[in-house]
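entry16.txt (compact mmCIF, C-alpha atoms and all ligand atoms)
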# COMPACT_ATOMS: atom_id res chain seq x y z
CA MET Z 143 -41.70 -8.56 -189.24
CA ALA Z 144 -44.39 -6.60 -191.06
CA VAL Z 145 -47.35 -4.98 -189.36
CA VAL Z 146 -50.39 -7.22 -189.65
CA PRO Z 147 -53.80 -5.92 -190.64
CA GLN Z 148 -56.70 -6.19 -188.25
CA ALA Z 149 -59.02 -9.13 -188.75
CA VAL Z 150 -62.59 -9.73 -187.62
CA LEU Z 151 -63.32 -13.42 -187.56
CA PRO Z 152 -66.16 -15.71 -186.72
CA ILE Z 153 -65.05 -18.05 -183.91
CA SER Z 154 -66.94 -20.77 -185.64
CA PRO Z 155 -69.44 -20.63 -188.44
CA TYR Z 156 -71.76 -22.54 -186.11
CA ALA Z 157 -71.40 -20.08 -183.21
CA THR Z 158 -72.51 -16.96 -185.03
CA GLY Z 159 -76.07 -18.03 -185.67
CA GLY Z 160 -76.21 -15.51 -188.46
CA SER Z 161 -74.06 -13.58 -190.88
CA GLU Z 162 -70.30 -13.84 -190.88
CA LEU Z 163 -67.97 -10.90 -191.13
CA SER Z 164 -65.20 -11.04 -193.64
CA PRO Z 165 -61.66 -10.19 -192.54
CA GLY Z 166 -61.20 -6.42 -192.63
CA ALA Z 167 -64.94 -5.64 -192.49
CA SER Z 168 -65.73 -2.27 -190.92
CA LEU Z 169 -66.51 -2.37 -187.20
CA VAL Z 170 -68.52 0.83 -187.47
CA GLN Z 171 -71.36 -1.13 -189.07
CA HIS Z 172 -71.88 -2.88 -185.74
CA SER Z 173 -73.43 -0.05 -183.69
CA GLY Z 174 -70.25 0.83 -181.86
CA SER Z 175 -69.73 -2.70 -180.52
CA LEU Z 176 -66.10 -3.75 -180.82
CA MET Z 177 -67.03 -7.40 -180.55
CA PRO Z 178 -70.00 -8.46 -182.62
CA PRO Z 179 -71.75 -11.52 -181.17
CA GLY Z 180 -69.93 -14.73 -181.99
CA HIS Z 181 -66.78 -13.00 -183.20
CA VAL Z 182 -63.39 -12.03 -181.86
CA VAL Z 183 -61.49 -8.92 -182.91
CA ALA Z 184 -57.81 -9.63 -183.28
CA PRO Z 185 -54.77 -8.55 -185.18
CA GLY Z 186 -53.85 -11.00 -187.91
CA PHE Z 187 -52.47 -14.13 -186.27
CA ILE Z 188 -48.85 -15.17 -186.55
CA ASP Z 189 -48.65 -18.89 -187.34
CA ILE Z 190 -45.36 -19.47 -185.57
CA HIS Z 191 -44.72 -22.97 -186.94
CA THR Z 192 -45.52 -23.91 -190.55
CA HIS Z 193 -44.15 -25.67 -193.60
CA SER Z 194 -45.76 -23.41 -196.20
CA ASP Z 195 -42.43 -22.97 -197.97
CA PHE Z 196 -43.51 -26.31 -199.54
CA THR Z 197 -46.72 -24.89 -201.03
CA LEU Z 198 -46.68 -21.06 -201.23
CA PRO Z 199 -44.69 -21.08 -204.50
CA LEU Z 200 -47.43 -23.35 -205.97
CA ASN Z 201 -50.35 -21.28 -204.67
CA PRO Z 202 -49.36 -17.97 -203.07
CA LYS Z 203 -52.92 -17.13 -202.00
CA ALA Z 204 -52.57 -19.04 -198.69
CA GLU Z 205 -56.33 -19.49 -198.49
CA SER Z 206 -56.32 -22.11 -195.70
CA LYS Z 207 -54.41 -19.64 -193.52
CA ILE Z 208 -56.03 -16.35 -194.49
CA ARG Z 209 -59.48 -17.81 -193.72
CA GLN Z 210 -58.28 -18.65 -190.19
CA GLY Z 211 -57.09 -15.06 -189.69
CA VAL Z 212 -53.40 -15.88 -190.16
CA THR Z 213 -51.45 -13.10 -191.84
CA THR Z 214 -47.87 -14.13 -191.02
CA GLU Z 215 -46.24 -17.56 -191.27
CA VAL Z 216 -42.88 -18.73 -189.93
CA VAL Z 217 -41.73 -21.44 -192.35
CA GLY Z 218 -38.75 -23.80 -192.66
CA ASN Z 219 -39.48 -25.76 -189.48
CA CYS Z 220 -38.46 -29.18 -188.11
CA GLY Z 221 -35.08 -29.09 -189.83
CA PHE Z 222 -36.57 -28.92 -193.33
CA SER Z 223 -35.90 -26.08 -195.75
CA VAL Z 224 -36.01 -25.96 -199.54
CA ALA Z 225 -32.64 -24.14 -199.67
CA PRO Z 226 -29.73 -24.08 -199.86
CA ALA Z 227 -29.24 -26.71 -202.58
CA LEU Z 228 -25.61 -27.11 -203.58
CA PRO Z 229 -24.56 -28.01 -207.14
CA GLY Z 230 -25.48 -31.63 -207.86
CA ARG Z 231 -27.61 -32.02 -204.72
CA ALA Z 232 -31.01 -30.54 -205.70
CA GLY Z 233 -32.25 -34.01 -206.78
CA MET Z 234 -31.28 -35.50 -203.42
CA LEU Z 235 -33.17 -32.72 -201.62
CA ARG Z 236 -36.22 -33.26 -203.86
CA ASP Z 237 -36.26 -36.97 -203.04
CA TYR Z 238 -35.69 -36.29 -199.34
CA LEU Z 239 -38.61 -33.83 -199.10
CA ALA Z 240 -40.95 -35.66 -201.50
CA ALA Z 241 -43.25 -36.92 -198.71
CA SER Z 242 -43.76 -33.31 -197.59
CA ALA Z 243 -43.41 -31.31 -200.80
CA PRO Z 244 -44.26 -33.79 -203.56
CA TRP Z 245 -45.26 -31.16 -206.12
CA LEU Z 246 -42.55 -28.56 -205.59
CA GLU Z 247 -39.67 -28.00 -208.00
CA PHE Z 248 -36.16 -27.97 -206.60
CA HIS Z 249 -33.19 -26.09 -208.05
CA GLU Z 250 -29.60 -25.53 -207.11
CA THR Z 251 -29.65 -22.29 -205.12
CA THR Z 252 -28.09 -20.27 -202.35
CA PHE Z 253 -30.42 -19.17 -199.57
CA ALA Z 254 -30.22 -15.54 -200.74
CA ALA Z 255 -31.17 -16.46 -204.33
CA TYR Z 256 -34.00 -18.66 -203.02
CA MET Z 257 -35.42 -15.78 -200.99
CA ASP Z 258 -35.12 -13.45 -203.97
CA SER Z 259 -37.04 -15.89 -206.15
CA PHE Z 260 -39.78 -16.60 -203.57
CA PRO Z 261 -43.08 -15.27 -204.97
CA ALA Z 262 -45.18 -12.48 -203.46
CA THR Z 263 -47.65 -14.23 -201.13
CA ALA Z 264 -50.91 -13.35 -199.36
CA VAL Z 265 -49.21 -13.87 -195.99
CA ASN Z 266 -45.99 -12.37 -194.65
CA THR Z 267 -43.40 -15.15 -194.73
CA VAL Z 268 -40.55 -15.46 -192.21
CA MET Z 269 -37.89 -17.99 -193.24
CA GLN Z 270 -35.73 -20.44 -191.31
CA VAL Z 271 -32.97 -22.69 -192.64
CA GLY Z 272 -33.18 -26.38 -191.71
CA HIS Z 273 -30.42 -28.46 -190.13
CA ASN Z 274 -31.54 -31.60 -191.99
CA THR Z 275 -31.10 -29.69 -195.25
CA LEU Z 276 -27.66 -28.38 -194.24
CA ARG Z 277 -26.49 -31.87 -193.20
CA LEU Z 278 -27.87 -33.39 -196.39
CA MET Z 279 -25.85 -30.85 -198.39
CA ALA Z 280 -22.67 -31.39 -196.39
CA MET Z 281 -22.68 -35.19 -195.95
CA GLY Z 282 -25.80 -36.80 -197.43
CA MET Z 283 -27.64 -39.39 -195.32
CA GLU Z 284 -24.53 -40.76 -193.63
CA ASN Z 285 -24.79 -41.89 -190.02
CA ARG Z 286 -21.54 -40.53 -188.58
CA PRO Z 287 -20.12 -37.33 -187.10
CA PRO Z 288 -19.10 -34.64 -189.62
CA SER Z 289 -15.45 -34.08 -190.49
CA THR Z 290 -13.99 -30.69 -189.59
CA ALA Z 291 -14.51 -29.55 -193.19
CA GLU Z 292 -18.13 -30.80 -193.27
CA LEU Z 293 -18.96 -29.04 -190.02
CA ALA Z 294 -17.34 -25.85 -191.32
CA LEU Z 295 -19.45 -26.13 -194.50
CA MET Z 296 -22.65 -26.42 -192.43
CA GLN Z 297 -21.58 -23.39 -190.38
CA ASP Z 298 -20.83 -21.40 -193.55
CA LEU Z 299 -24.18 -22.33 -195.14
CA LEU Z 300 -25.95 -21.34 -191.91
CA ALA Z 301 -24.12 -17.98 -191.80
CA GLU Z 302 -25.01 -17.41 -195.48
CA ALA Z 303 -28.70 -18.00 -194.74
CA LEU Z 304 -28.55 -15.71 -191.70
CA GLU Z 305 -26.92 -13.00 -193.83
CA ALA Z 306 -29.76 -13.47 -196.33
CA GLY Z 307 -32.26 -12.70 -193.57
CA VAL Z 308 -33.58 -15.94 -192.05
CA LEU Z 309 -34.91 -15.85 -188.49
CA GLY Z 310 -32.69 -18.75 -187.44
CA LEU Z 311 -32.00 -22.47 -187.65
CA SER Z 312 -34.58 -25.22 -187.24
CA SER Z 313 -33.67 -28.79 -186.38
CA GLY Z 314 -35.45 -32.10 -186.83
CA LEU Z 315 -33.40 -34.36 -184.58
CA PHE Z 316 -36.14 -37.04 -184.53
CA THR Z 317 -35.36 -38.25 -188.04
CA ALA Z 318 -32.51 -38.84 -190.45
CA PRO Z 319 -30.13 -37.21 -191.10
CA GLY Z 320 -30.59 -34.82 -188.14
CA CYS Z 321 -30.82 -37.74 -185.71
CA TYR Z 322 -27.25 -38.72 -186.65
CA ALA Z 323 -25.99 -35.40 -185.21
CA ALA Z 324 -24.56 -35.41 -181.67
CA PRO Z 325 -25.21 -32.42 -179.39
CA ALA Z 326 -21.65 -31.17 -180.11
CA GLU Z 327 -22.56 -30.64 -183.79
CA MET Z 328 -25.66 -28.69 -182.80
CA HIS Z 329 -23.68 -26.57 -180.33
CA ALA Z 330 -21.17 -25.68 -183.07
CA LEU Z 331 -24.09 -24.40 -185.16
CA GLY Z 332 -25.59 -22.74 -182.07
CA GLN Z 333 -22.43 -20.66 -181.73
CA VAL Z 334 -23.10 -19.23 -185.20
CA LEU Z 335 -26.67 -18.44 -184.13
CA HIS Z 336 -25.34 -16.69 -181.03
CA ARG Z 337 -23.02 -14.53 -183.14
CA TYR Z 338 -25.98 -13.34 -185.19
CA GLY Z 339 -28.45 -13.08 -182.29
CA ALA Z 340 -30.58 -15.61 -184.19
CA ASN Z 341 -33.09 -18.21 -183.00
CA TYR Z 342 -33.12 -21.97 -182.75
CA SER Z 343 -36.31 -23.99 -183.14
CA SER Z 344 -36.36 -27.74 -182.72
CA HIS Z 345 -38.48 -30.74 -183.47
CA ILE Z 346 -36.69 -32.43 -180.58
CA ARG Z 347 -34.90 -35.79 -180.69
CA ASP Z 348 -37.90 -37.72 -179.42
CA GLU Z 349 -41.49 -36.88 -178.54
CA ALA Z 350 -42.32 -40.28 -177.04
CA ASN Z 351 -40.44 -42.47 -174.54
CA SER Z 352 -37.43 -40.13 -174.35
CA VAL Z 353 -39.35 -36.84 -174.52
CA PHE Z 354 -38.01 -35.59 -171.18
CA ALA Z 355 -34.38 -36.18 -172.23
CA ALA Z 356 -35.09 -34.51 -175.58
CA VAL Z 357 -36.59 -31.42 -173.93
CA ARG Z 358 -33.53 -31.25 -171.66
CA GLU Z 359 -31.26 -31.40 -174.73
CA ALA Z 360 -33.08 -28.37 -176.19
CA ILE Z 361 -32.78 -26.51 -172.88
CA THR Z 362 -29.03 -27.26 -172.73
CA MET Z 363 -28.64 -25.97 -176.30
CA GLY Z 364 -30.20 -22.66 -175.22
CA GLU Z 365 -28.05 -22.41 -172.10
CA THR Z 366 -24.75 -23.49 -173.65
CA CYS Z 367 -25.04 -21.28 -176.72
CA ASP Z 368 -26.99 -18.43 -175.08
CA ILE Z 369 -29.67 -18.41 -177.74
CA HIS Z 370 -33.46 -18.35 -177.82
CA VAL Z 371 -34.95 -21.83 -178.22
CA GLN Z 372 -38.41 -22.79 -179.40
CA ILE Z 373 -39.55 -26.37 -178.90
CA ALA Z 374 -41.75 -27.37 -181.83
CA HIS Z 375 -45.25 -28.83 -181.40
CA LEU Z 376 -44.79 -29.84 -177.77
CA LYS Z 377 -46.43 -33.20 -177.14
CA LEU Z 378 -46.16 -36.52 -175.32
CA SER Z 379 -46.61 -39.12 -177.97
CA GLY Z 380 -47.32 -42.81 -177.44
CA SER Z 381 -49.60 -44.37 -174.86
CA ASP Z 382 -46.68 -45.09 -172.45
CA ASN Z 383 -46.23 -41.33 -172.02
CA TRP Z 384 -49.80 -40.08 -171.79
CA GLY Z 385 -50.60 -38.00 -168.71
CA GLY Z 386 -47.11 -36.50 -168.40
CA ALA Z 387 -47.87 -32.98 -169.71
CA ALA Z 388 -47.92 -31.20 -166.34
CA GLN Z 389 -44.55 -32.67 -165.33
CA LEU Z 390 -42.99 -31.82 -168.70
CA LEU Z 391 -44.32 -28.25 -168.55
CA ALA Z 392 -42.94 -27.92 -164.99
CA GLU Z 393 -39.43 -28.77 -166.26
CA ILE Z 394 -39.79 -26.18 -169.01
CA GLU Z 395 -41.02 -23.57 -166.54
CA THR Z 396 -38.09 -24.28 -164.19
CA ALA Z 397 -35.66 -23.62 -167.05
CA ARG Z 398 -37.46 -20.40 -167.94
CA GLN Z 399 -37.34 -19.27 -164.32
CA ARG Z 400 -33.56 -19.62 -164.24
CA GLY Z 401 -33.28 -17.45 -167.36
CA VAL Z 402 -33.25 -19.85 -170.30
CA ARG Z 403 -34.95 -18.14 -173.24
CA LEU Z 404 -37.39 -20.89 -174.11
CA ASP Z 405 -40.83 -21.06 -175.74
CA CYS Z 406 -42.89 -23.85 -177.21
CA ASP Z 407 -45.52 -24.12 -179.89
CA GLN Z 408 -48.39 -26.57 -180.24
CA TYR Z 409 -51.19 -27.53 -182.60
CA PRO Z 410 -54.49 -28.35 -180.89
CA TYR Z 411 -54.95 -31.95 -182.11
CA THR Z 412 -54.23 -35.48 -180.87
CA THR Z 413 -53.20 -36.56 -184.36
CA ALA Z 414 -49.82 -35.84 -185.95
CA THR Z 415 -48.70 -36.06 -189.58
CA ASN Z 416 -45.32 -37.13 -190.95
CA PRO Z 417 -43.66 -39.05 -193.73
CA LEU Z 418 -44.48 -42.75 -193.17
CA ARG Z 419 -40.80 -43.74 -193.23
CA ASN Z 420 -40.14 -41.55 -190.15
CA LEU Z 421 -42.21 -43.94 -187.99
CA LEU Z 422 -39.55 -46.62 -188.45
CA PRO Z 423 -36.29 -46.88 -186.46
CA THR Z 424 -33.90 -44.27 -187.85
CA TRP Z 425 -31.25 -46.80 -188.94
CA VAL Z 426 -33.52 -47.84 -191.80
CA GLN Z 427 -32.92 -44.50 -193.59
CA GLU Z 428 -29.11 -44.63 -193.49
CA ASP Z 429 -27.45 -43.76 -196.83
CA GLY Z 430 -30.62 -42.44 -198.41
CA MET Z 431 -33.84 -43.42 -200.10
CA ALA Z 432 -32.55 -46.08 -202.52
CA ALA Z 433 -30.70 -47.87 -199.72
CA MET Z 434 -33.81 -47.72 -197.52
CA LEU Z 435 -36.11 -49.16 -200.19
CA GLU Z 436 -33.69 -52.02 -200.84
CA ARG Z 437 -33.50 -52.76 -197.09
CA LEU Z 438 -37.30 -52.77 -196.70
CA ALA Z 439 -37.61 -55.66 -199.16
CA ASP Z 440 -35.31 -57.87 -197.04
CA PRO Z 441 -37.20 -60.27 -194.69
CA ALA Z 442 -34.33 -60.14 -192.15
CA VAL Z 443 -34.65 -56.33 -192.00
CA ARG Z 444 -38.40 -56.67 -191.46
CA THR Z 445 -37.75 -59.04 -188.54
CA ARG Z 446 -35.36 -56.49 -187.01
CA LEU Z 447 -37.90 -53.68 -187.55
CA ARG Z 448 -40.64 -55.75 -185.92
CA HIS Z 449 -38.39 -56.47 -182.94
CA ASP Z 450 -37.39 -52.79 -182.50
CA ILE Z 451 -40.99 -51.55 -182.76
CA ASP Z 452 -42.24 -54.22 -180.31
CA ALA Z 453 -39.52 -53.19 -177.85
CA HIS Z 454 -39.65 -49.39 -178.15
CA GLY Z 455 -42.76 -48.39 -180.11
CA LEU Z 456 -42.54 -46.25 -183.24
CA ASN Z 457 -39.71 -43.76 -183.79
CA ASN Z 458 -40.72 -40.39 -182.28
CA PHE Z 459 -44.37 -41.46 -181.93
CA GLY Z 460 -44.11 -44.32 -179.43
CA ARG Z 461 -46.71 -46.98 -178.86
CA ILE Z 462 -50.05 -46.74 -180.66
CA PRO Z 463 -53.17 -48.77 -179.83
CA SER Z 464 -53.18 -50.40 -183.29
CA TRP Z 465 -52.20 -49.84 -186.91
CA ASP Z 466 -55.67 -48.32 -187.42
CA ALA Z 467 -54.13 -45.20 -185.79
CA VAL Z 468 -52.01 -44.71 -188.94
CA ARG Z 469 -53.85 -43.38 -191.98
CA ILE Z 470 -52.52 -42.52 -195.45
CA ALA Z 471 -52.74 -38.74 -196.02
CA ILE Z 472 -50.87 -38.13 -199.28
CA SER Z 473 -49.47 -40.82 -201.50
CA PRO Z 474 -47.87 -39.36 -204.63
CA HIS Z 475 -47.61 -42.69 -206.49
CA GLN Z 476 -50.72 -44.44 -205.08
CA PRO Z 477 -53.22 -41.59 -204.54
CA GLN Z 478 -56.17 -44.02 -204.51
CA TYR Z 479 -55.20 -45.14 -200.97
CA ALA Z 480 -55.49 -41.69 -199.31
CA GLY Z 481 -57.73 -42.05 -196.25
CA ARG Z 482 -57.11 -45.79 -195.70
CA THR Z 483 -55.44 -47.04 -192.50
CA MET Z 484 -52.48 -49.39 -192.38
CA GLY Z 485 -54.57 -51.80 -190.27
CA ASP Z 486 -57.31 -51.80 -192.87
CA MET Z 487 -54.89 -52.49 -195.72
CA ALA Z 488 -53.17 -55.32 -193.81
CA ARG Z 489 -56.55 -56.99 -193.13
CA GLU Z 490 -57.54 -56.65 -196.75
CA ARG Z 491 -54.34 -58.41 -197.82
CA SER Z 492 -54.44 -60.87 -194.90
CA CYS Z 493 -50.85 -59.97 -194.06
CA ASP Z 494 -48.87 -58.64 -191.12
CA PRO Z 495 -49.26 -54.82 -190.77
CA LEU Z 496 -45.49 -54.27 -190.85
CA ASP Z 497 -45.28 -56.19 -194.14
CA ALA Z 498 -48.16 -54.07 -195.46
CA LEU Z 499 -46.29 -50.93 -194.38
CA CYS Z 500 -42.96 -51.97 -195.96
CA ASP Z 501 -44.65 -53.04 -199.20
CA TYR Z 502 -46.56 -49.76 -199.28
CA LEU Z 503 -43.42 -47.65 -198.82
CA ILE Z 504 -41.63 -49.54 -201.59
CA ALA Z 505 -44.57 -49.09 -203.99
CA ASP Z 506 -44.78 -45.38 -203.13
CA HIS Z 507 -41.00 -44.86 -203.57
CA GLY Z 508 -40.73 -43.88 -199.87
CA HIS Z 509 -42.80 -40.73 -200.49
CA THR Z 510 -45.94 -41.58 -198.45
CA ARG Z 511 -47.27 -39.10 -195.87
CA ILE Z 512 -49.49 -40.35 -193.03
CA LEU Z 513 -51.69 -39.15 -190.18
CA ILE Z 514 -51.04 -40.79 -186.81
CA THR Z 515 -53.31 -40.50 -183.77
CA CYS Z 516 -50.84 -40.74 -180.92
CA MET Z 517 -51.62 -38.17 -178.21
CA ASP Z 518 -53.87 -37.87 -175.18
CA GLU Z 519 -56.57 -35.18 -175.33
CA ALA Z 520 -55.99 -34.22 -171.67
CA ASP Z 521 -52.28 -33.58 -172.38
CA VAL Z 522 -53.18 -31.48 -175.43
CA GLN Z 523 -55.55 -29.40 -173.28
CA THR Z 524 -52.98 -28.98 -170.49
CA ILE Z 525 -50.34 -27.77 -172.93
CA ILE Z 526 -52.64 -25.36 -174.78
CA ARG Z 527 -53.57 -23.60 -171.52
CA THR Z 528 -49.92 -22.75 -170.80
CA PRO Z 529 -49.03 -19.06 -171.44
CA SER Z 530 -45.52 -19.83 -172.77
CA VAL Z 531 -46.98 -22.11 -175.46
CA LEU Z 532 -47.74 -20.44 -178.80
CA VAL Z 533 -50.26 -21.70 -181.34
CA GLY Z 534 -48.63 -23.04 -184.50
CA SER Z 535 -50.39 -25.11 -187.14
CA ASP Z 536 -47.32 -27.10 -188.28
CA GLY Z 537 -49.34 -27.09 -191.51
CA THR Z 538 -48.88 -25.82 -195.01
CA SER Z 539 -50.98 -23.21 -196.80
CA LEU Z 540 -53.42 -25.08 -198.99
CA ALA Z 541 -56.55 -24.58 -201.05
CA PRO Z 542 -59.32 -27.15 -201.58
CA TYR Z 543 -58.68 -27.06 -205.35
CA GLY Z 544 -55.72 -27.32 -207.69
CA ILE Z 545 -52.29 -28.73 -207.03
CA THR Z 546 -52.31 -28.21 -203.23
CA GLY Z 547 -55.82 -29.66 -202.90
CA GLN Z 548 -54.68 -33.28 -203.35
CA GLY Z 549 -54.83 -36.12 -200.79
CA LYS Z 550 -56.29 -35.94 -197.28
CA PRO Z 551 -54.28 -33.31 -195.39
CA HIS Z 552 -54.31 -32.98 -191.61
CA PRO Z 553 -57.29 -30.86 -190.44
CA ARG Z 554 -54.88 -28.54 -188.60
CA PHE Z 555 -53.98 -27.06 -191.99
CA TYR Z 556 -57.46 -25.48 -191.99
CA GLY Z 557 -58.59 -25.54 -188.36
CA THR Z 558 -55.76 -24.65 -185.97
CA PHE Z 559 -56.72 -21.10 -185.04
CA PRO Z 560 -60.51 -21.09 -184.53
CA PRO Z 561 -60.49 -23.34 -181.37
CA PRO Z 562 -57.92 -21.26 -179.42
CA ALA Z 563 -59.68 -18.04 -180.57
CA GLY Z 564 -62.95 -19.45 -179.25
CA ALA Z 565 -61.30 -20.48 -175.97
CA LEU Z 566 -59.86 -16.96 -175.57
CA ARG Z 567 -63.27 -15.41 -175.95
CA ALA Z 568 -64.79 -17.90 -173.50
ZN ZN F 1 -42.01 -31.25 -186.64

Could you render the structure from this file as structure tokens?
Amino acid sequence: MAVVPQAVLPISPYATGGSELSPGASLVQHSGSLMPPGHVVAPGFIDIHTHSDFTLPLNPKAESKIRQGVTTEVVGNCGFSVAPALPGRAGMLRDYLAASAPWLEFHETTFAAYMDSFPATAVNTVMQVGHNTLRLMAMGMENRPPSTAELALMQDLLAEALEAGVLGLSSGLFTAPGCYAAPAEMHALGQVLHRYGANYSSHIRDEANSVFAAVREAITMGETCDIHVQIAHLKLSGSDNWGGAAQLLAEIETARQRGVRLDCDQYPYTTATNPLRNLLPTWVQEDGMAAMLERLADPAVRTRLRHDIDAHGLNNFGRIPSWDAVRIAISPHQPQYAGRTMGDMARERSCDPLDALCDYLIADHGHTRILITCMDEADVQTIIRTPSVLVGSDGTSLAPYGITGQGKPHPRFYGTFPPPAGALRA
């Protein structure tokens, strides 16, 4: 990892009461004080959890990060990476990632060739390869265990990426196709990570009603494979699970105490962002986008979806107070709806919110990205005060203009680092 330059940053433009210093400004100007009023002095921040591999090739200036003091980004999280793309499968990867990287071009590539072609960027970029991408390459969106040959292919692709210089493997077990993988598949990949002394980061299997079991699965992965594990954006999602942060953190601390190499990251917000389709039960995505869109038009499927959501809440996000908690962020084919909530759109059409959601996904080709307010502020505060939890934006590098300035992105893309910096100073 490269050495990061020193940055002098206003904690908040409102806290300074006067002039702001620009990153890299000389400290000598400030009468020998190492900490001008309203500012913190810090090395450039490492944003440990981002998805800027989706945007840096489109705008390498990384302005939304640089202006927060971030100088290094770890990309390729939650099981999603832009490479490798095997011959004939780049289009499938483009469609799969369209709700996250709607403007990016996809090509057939090895991981090494992808890294070679990655542009020079304003931030240092540390890569990970994603398990969802590897599984997509090996076996598409099929809900079954891999054959011996398919598992070997995933292991080979992982080793190839590690040889090319990635930090490790990320997983996104909360959504298809990663959710179709049993722990045994992950352990087989973990053995490759162990051989290379590489890391494993995970958007765990569930962040709502089964969050404790999902954290335990990540801990077991670390113990069984003897690898370092990072749990992504630690949270307790869904109103049934609010208030459980201290107990969850205690389990994590117990594992750390017995020697499991385990860290977590977190973004300081009660709202998450994800592709809209990932809120639905995972069976709806089986066999890929075309199959999902056909299913969503079927009234019998909608009845089953309604039943599953009533019984268990939303996939990964649990129970929400109402559909007003779900807001369109980026909608490649219907950009005029960015900022509207699902509740609002259902009322306007005088229809059931689940019908509004299914109709919306069909019209947007499955590519819609949403914001979902699903966490408890007290839990967020408890987690952020924990020393083993790192700050990670889970956001992409953007600019308020041009191709990456479209839609209504999550505020964490611009605002993750100033609140913790302010809390540190306090
Ligand atoms: Zn994630």

Selection: 7 Å around range 369-385 of chain Z, all atoms listed in the file, excl. self and same-chain fewer than 4 positions, as JSON, numbers by chain:
{"Z": [336, 341, 342, 343, 344, 345, 346, 349, 350, 351, 353, 364, 403, 404, 405, 406, 407, 408, 409, 459, 460, 461, 462, 516, 517, 518, 521]}

In Å, rounded to a single decimal, give me how far CA of Thr510 in chain Z is from CA of Thr412 in chain Z.
20.4 Å

Given only C-alpha atoms, how would the per-residue table for range 271-337 of chain Z near range 202-221 of chain Z read, listing every residue at most 7 Å away with its closest atom pair and distance in Å to one decimal, sorted by chain and number, as a Markdown table?
| residue | atom | partner | partner_atom | distance |
| --- | --- | --- | --- | --- |
| Z:Val271 | CA | Z:Gly218 | CA | 5.9 |
| Z:Gly272 | CA | Z:Gly221 | CA | 3.8 |
| Z:His273 | CA | Z:Gly221 | CA | 4.7 |
| Z:Asn274 | CA | Z:Gly221 | CA | 4.8 |
| Z:Thr275 | CA | Z:Gly221 | CA | 6.8 |
| Z:Ser312 | CA | Z:Gly221 | CA | 4.7 |
| Z:Ser313 | CA | Z:Gly221 | CA | 3.7 |
| Z:Gly314 | CA | Z:Gly221 | CA | 4.3 |

Coordinates-based distance that separates CA of Leu309 in chain Z from CA of Gln333 in chain Z (Å, one decimal):
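CA of Leu309 in chain Z lies 15.0 Å from CA of Gln333 in chain Z.
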
May I have the residues at most 10 Å from (-42.5, -33.7, -198.5) in the file's coordinates, counting all atoms listed in the file, as a PDB file with C-alpha atoms, keeping the file's coordinate frame?
ATOM      1  CA  HIS Z 193     -44.150 -25.670-193.600  1.00  0.00           C
ATOM      2  CA  PHE Z 196     -43.510 -26.310-199.540  1.00  0.00           C
ATOM      3  CA  PHE Z 222     -36.570 -28.920-193.330  1.00  0.00           C
ATOM      4  CA  LEU Z 235     -33.170 -32.720-201.620  1.00  0.00           C
ATOM      5  CA  ARG Z 236     -36.220 -33.260-203.860  1.00  0.00           C
ATOM      6  CA  ASP Z 237     -36.260 -36.970-203.040  1.00  0.00           C
ATOM      7  CA  TYR Z 238     -35.690 -36.290-199.340  1.00  0.00           C
ATOM      8  CA  LEU Z 239     -38.610 -33.830-199.100  1.00  0.00           C
ATOM      9  CA  ALA Z 240     -40.950 -35.660-201.500  1.00  0.00           C
ATOM     10  CA  ALA Z 241     -43.250 -36.920-198.710  1.00  0.00           C
ATOM     11  CA  SER Z 242     -43.760 -33.310-197.590  1.00  0.00           C
ATOM     12  CA  ALA Z 243     -43.410 -31.310-200.800  1.00  0.00           C
ATOM     13  CA  PRO Z 244     -44.260 -33.790-203.560  1.00  0.00           C
ATOM     14  CA  TRP Z 245     -45.260 -31.160-206.120  1.00  0.00           C
ATOM     15  CA  LEU Z 246     -42.550 -28.560-205.590  1.00  0.00           C
ATOM     16  CA  ASN Z 416     -45.320 -37.130-190.950  1.00  0.00           C
ATOM     17  CA  PRO Z 417     -43.660 -39.050-193.730  1.00  0.00           C
ATOM     18  CA  ILE Z 472     -50.870 -38.130-199.280  1.00  0.00           C
ATOM     19  CA  PRO Z 474     -47.870 -39.360-204.630  1.00  0.00           C
ATOM     20  CA  HIS Z 509     -42.800 -40.730-200.490  1.00  0.00           C
ATOM     21  CA  THR Z 510     -45.940 -41.580-198.450  1.00  0.00           C
ATOM     22  CA  ARG Z 511     -47.270 -39.100-195.870  1.00  0.00           C
TER      23      ARG Z 511
END

Computed interatomic separation between CA of Val443 in chain Z and CA of Arg277 in chain Z (Å)
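Value for the CA of Val443 in chain Z-CA of Arg277 in chain Z distance: 25.8 Å.
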
Can you pull out the residues contacting Arg358 in chain Z? Cut-off 9 Å, using only C-alpha atoms, and skip same-chain residues under 5 positions away; I want them as JSON, numbers by chain.
{"Z": [353, 363, 393, 394]}

Filtering to C-alpha atoms, could you give me those residues as a short mmCIF file (atom, residue, chain, number, x, y, z; two decimals), in the frame of the given file?
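Output file part-v9.cif follows:
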data_model
loop_
_atom_site.label_atom_id
_atom_site.label_comp_id
_atom_site.auth_asym_id
_atom_site.auth_seq_id
_atom_site.Cartn_x
_atom_site.Cartn_y
_atom_site.Cartn_z
CA VAL Z 353 -39.35 -36.84 -174.52
CA MET Z 363 -28.64 -25.97 -176.30
CA GLU Z 393 -39.43 -28.77 -166.26
CA ILE Z 394 -39.79 -26.18 -169.01
#

Of the candidates Z:Thr263, Z:Ser535, Z:Thr483, Z:Thr515, which shows the shortest atom-to-atom distance to ligand ZN 1 (chain F), using all atoms listed in the file?
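Smallest separation from ligand ZN 1 (chain F) among the options: Z:Ser535.
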